[in-house]
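A short write-up of the structure that comes next.
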Amino acid sequence: DFSFSLEKQNPTTITSESIGTLHKMRALLTLFLSIALASVVSSVNPPKSNGKLQEYPLKGGNPMDLLNHPLFSRFLPKQKEKSHVTEFVESVLENCVKLEDHELIPVVIIPSLIGNQIEAKLTKAESVHWYCFNDADWYTIWMDSTQFYPQVINCFSSNFQLQRSQNGNYTAKRKGVSYRVPGYGNVETTEYVDKGKQFAIWIYITQILKDAGYTEGKNLRASQYDWRIGPDGSNPWFAQTKKLIEETYAINGNRPVATVSLSMGGPYFVLFCHSVSQEWKDKYIHSFTSLSGAFGGSPIAAASLSMKFSQYGSYGDVIRPIANTWGSVPFLMPAEEIFGKTLIATVNGVNYHGSNITRLLKDANLTQTIEAFKAIKPFQKTSLDPPGVRMNCIFGTDVETPVAFQADNWNSDANVVKVGPGDGTILNEGLTICKTWSKKQKKPVFAYPIFNMTHGEAVANREAIGIFLKELGLA
């Protein structure tokens, strides 16, 4: 009894080092049994949902296929050979100014959606599938390619879903699952989104800064977070960020900190700025550089949660039930203040505008998402107000960006029926909101539109990085 022998082991024997191998073993056994028993099981006892967790047998496959889904792919730069990172960094450093350690402006990175790794621990977890672990020590759940093997991806789906309480707190939907963000304050878990270091994100910027004299943990740090959780409720990230910035300020000779964000990290940091006093910001914040700030949200977020995209295969069935339990994706819905009159989707002949996203979610039968969306709307509105700090607002332009989607019904595939100017993810109306802030705050705001730069590419774009380096006095 293979399943029984694994499930009954002491949980401390299943470690982060061994869980990948065990996943592979289970995947092979499960796939063999699935093929042998599929026709019998499907005729006698077809897959059902228990109303709590997704239980459909999903195929799984290459993790890059999952990252190609529109909800994820747009937050990453184009993936290239690792040698490209080295060559890119070396070419940028040729034009950098060499500063002494005491002259370096400390940096804190604010990641995006999917922008840092997350770990999970299973302790007598609720049983969901016979081949899923019920006990396991801390392991990388986001992102480790072993999570996406056939059938094992069902375990990932069950373990990565959240549930929201009435007061806005988020916990694992599967009982017995705990989460943590590894390496808080260090940049390592932001450089690549996966444990195997195949999918780069912040590594371009962090490597440039390290080679320019920065030291991880001292003047190069990151304020990671569980990016699935919305800004409402008891989100601990705001207090953690405040403490990290104060600590970074102190260990660098009382030098103010330069923060830099990507995508959702932009509006999150603006919310943080509204959680502290102007006196605090004047003392501790040197500047804020926003790369592809997701201000005002995107129609893509609304469509990804409510509509079907079968061109991404079984991963569409994986992502929707998971992401619909998060609070962060509703935070990225189109803001009514900007897109109230904009047509976002048409399903069954019914038109949904930015002013009636709630009806779109209701008609799509997304109850938990509705509650999360209602709760985060005040936070979304606040994130459109000026942060009160010196700011560099860097964003792409002139890239075709989805505005409206259409589907014959809720079970048919959605198609993009209208595009507009933006960065491929966020429309110009949101990207350029920062331009209005220069007249609403005393601190300067500088807008830098970059032609044809896509959303996730900002962390690997030479011009965008050059602007940030100039802010640091390195260029």
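Simple scheme: letters A, B, ... for chains in structure tokens order, numbers from 1 for residues in each chain, numbers from 1 for ligands in the order shown.
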Could you pull the residues within 8 Å of segment 385-400 of chain A, counting only C-alpha atoms, minus those fewer than 3 positions along the same chain, as JSON, numbers by chain?
-> {"A": [270, 271, 273, 274, 278, 281, 282, 285, 286, 287, 288, 289, 290, 291, 292, 293, 381, 382, 419, 420, 421, 422, 423, 424, 428, 431, 434, 437, 440, 441, 442, 443, 444, 445, 446, 447, 448, 449, 450, 451, 452, 453, 454, 455, 458, 464, 468]}
Enumerate as a list in words all residues of segment 65-198 of chain A assigned to strand (DSSP E or B) by DSSP on the backbone, naming them with the chain letters and numbers the document uses.
-> Val107, Val108, Ile109, Ile110, Ile118, Glu119, Ala120, Lys121, Leu122, Ala136, Asp137, Trp138, Tyr139, Thr140, Ile141, Trp142, Leu162, Gln163, Arg164, Tyr170, Thr171, Ala172, Val177, Ser178, Tyr179, Arg180, Gly185 and Tyr192 of chain A
Which is closer to Gly183 of chain A than all the others in A:His129, A:Gln117, A:Leu209, A:Phe156, using only C-alpha atoms?
-> A:Gln117
Within 9 Å of Asp226 of chain A using only C-alpha atoms, minus same-chain residues under 6 positions, as an NGL selection string | :A and (113-114 or 116-118 or 179-181 or 237)
Selection to disk with all heavy atoms, as a short mmCIF file (atom, residue, chain, number, x, y, z; two decimals), in the first residue's frame:
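This went into selection_8.cif:
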```
data_model
loop_
_atom_site.label_atom_id
_atom_site.label_comp_id
_atom_site.auth_asym_id
_atom_site.auth_seq_id
_atom_site.Cartn_x
_atom_site.Cartn_y
_atom_site.Cartn_z
N LEU A 113 2.60 40.48 -8.15
CA LEU A 113 1.86 39.22 -8.14
C LEU A 113 2.76 38.14 -8.71
O LEU A 113 3.44 38.37 -9.72
CB LEU A 113 0.59 39.36 -8.99
CG LEU A 113 -0.34 38.14 -9.02
CD1 LEU A 113 -1.13 38.05 -7.72
CD2 LEU A 113 -1.30 38.23 -10.20
N ILE A 114 2.82 36.99 -8.09
CA ILE A 114 3.68 35.83 -8.39
C ILE A 114 5.16 36.16 -8.28
O ILE A 114 6.00 35.38 -8.71
CB ILE A 114 3.38 35.18 -9.76
CG1 ILE A 114 3.98 35.98 -10.93
CG2 ILE A 114 1.90 34.93 -9.97
CD1 ILE A 114 4.02 35.21 -12.24
N ASN A 116 7.45 36.49 -5.79
CA ASN A 116 8.41 35.89 -4.87
C ASN A 116 7.91 34.51 -4.46
O ASN A 116 6.73 34.19 -4.60
CB ASN A 116 8.65 36.76 -3.63
CG ASN A 116 7.40 37.07 -2.85
OD1 ASN A 116 6.86 38.19 -2.93
ND2 ASN A 116 6.90 36.12 -2.06
N GLN A 117 8.83 33.71 -3.97
CA GLN A 117 8.50 32.32 -3.63
C GLN A 117 7.70 32.24 -2.32
O GLN A 117 7.79 33.12 -1.47
CB GLN A 117 9.78 31.50 -3.52
CG GLN A 117 10.54 31.40 -4.83
CD GLN A 117 11.91 30.78 -4.68
OE1 GLN A 117 12.15 29.96 -3.79
NE2 GLN A 117 12.84 31.16 -5.54
N ILE A 118 6.91 31.17 -2.20
CA ILE A 118 6.10 30.90 -1.02
C ILE A 118 6.30 29.44 -0.62
O ILE A 118 6.42 28.57 -1.48
CB ILE A 118 4.60 31.17 -1.30
CG1 ILE A 118 4.37 32.65 -1.64
CG2 ILE A 118 3.72 30.77 -0.12
CD1 ILE A 118 2.95 32.97 -2.06
N TYR A 179 1.41 28.54 5.61
CA TYR A 179 2.25 29.20 4.61
C TYR A 179 3.25 30.12 5.28
O TYR A 179 3.03 30.62 6.39
CB TYR A 179 1.40 30.03 3.64
CG TYR A 179 0.28 29.29 2.98
CD1 TYR A 179 -1.04 29.59 3.30
CD2 TYR A 179 0.52 28.30 2.03
CE1 TYR A 179 -2.09 28.92 2.69
CE2 TYR A 179 -0.51 27.63 1.41
CZ TYR A 179 -1.83 27.94 1.75
OH TYR A 179 -2.86 27.27 1.15
N ARG A 180 4.35 30.34 4.60
CA ARG A 180 5.29 31.37 5.01
C ARG A 180 6.06 31.87 3.79
O ARG A 180 6.14 31.17 2.78
CB ARG A 180 6.27 30.84 6.06
CG ARG A 180 7.30 29.86 5.53
CD ARG A 180 8.23 29.37 6.63
NE ARG A 180 9.27 28.47 6.11
CZ ARG A 180 10.12 27.80 6.88
NH1 ARG A 180 10.05 27.92 8.21
NH2 ARG A 180 11.04 27.02 6.33
N VAL A 181 6.59 33.08 3.90
CA VAL A 181 7.43 33.66 2.85
C VAL A 181 8.88 33.48 3.25
O VAL A 181 9.32 34.04 4.26
CB VAL A 181 7.11 35.15 2.64
CG1 VAL A 181 8.05 35.76 1.62
CG2 VAL A 181 5.66 35.34 2.21
N TRP A 237 1.87 42.63 6.02
CA TRP A 237 2.94 43.17 5.20
C TRP A 237 3.23 44.63 5.50
O TRP A 237 4.39 45.06 5.48
CB TRP A 237 2.60 43.01 3.71
CG TRP A 237 3.63 43.57 2.80
CD1 TRP A 237 4.83 43.00 2.45
CD2 TRP A 237 3.60 44.84 2.13
NE1 TRP A 237 5.53 43.82 1.60
CE2 TRP A 237 4.80 44.97 1.38
CE3 TRP A 237 2.67 45.87 2.08
CZ2 TRP A 237 5.08 46.08 0.60
CZ3 TRP A 237 2.95 46.99 1.31
CH2 TRP A 237 4.15 47.08 0.58
#
```
Please identify which residues in segment 64-96 of chain A DSSP calls alpha helix (DSSP H) from the backbone, and express them as a ChimeraX atom specification.
-> /A:64-67,70-73,82-93
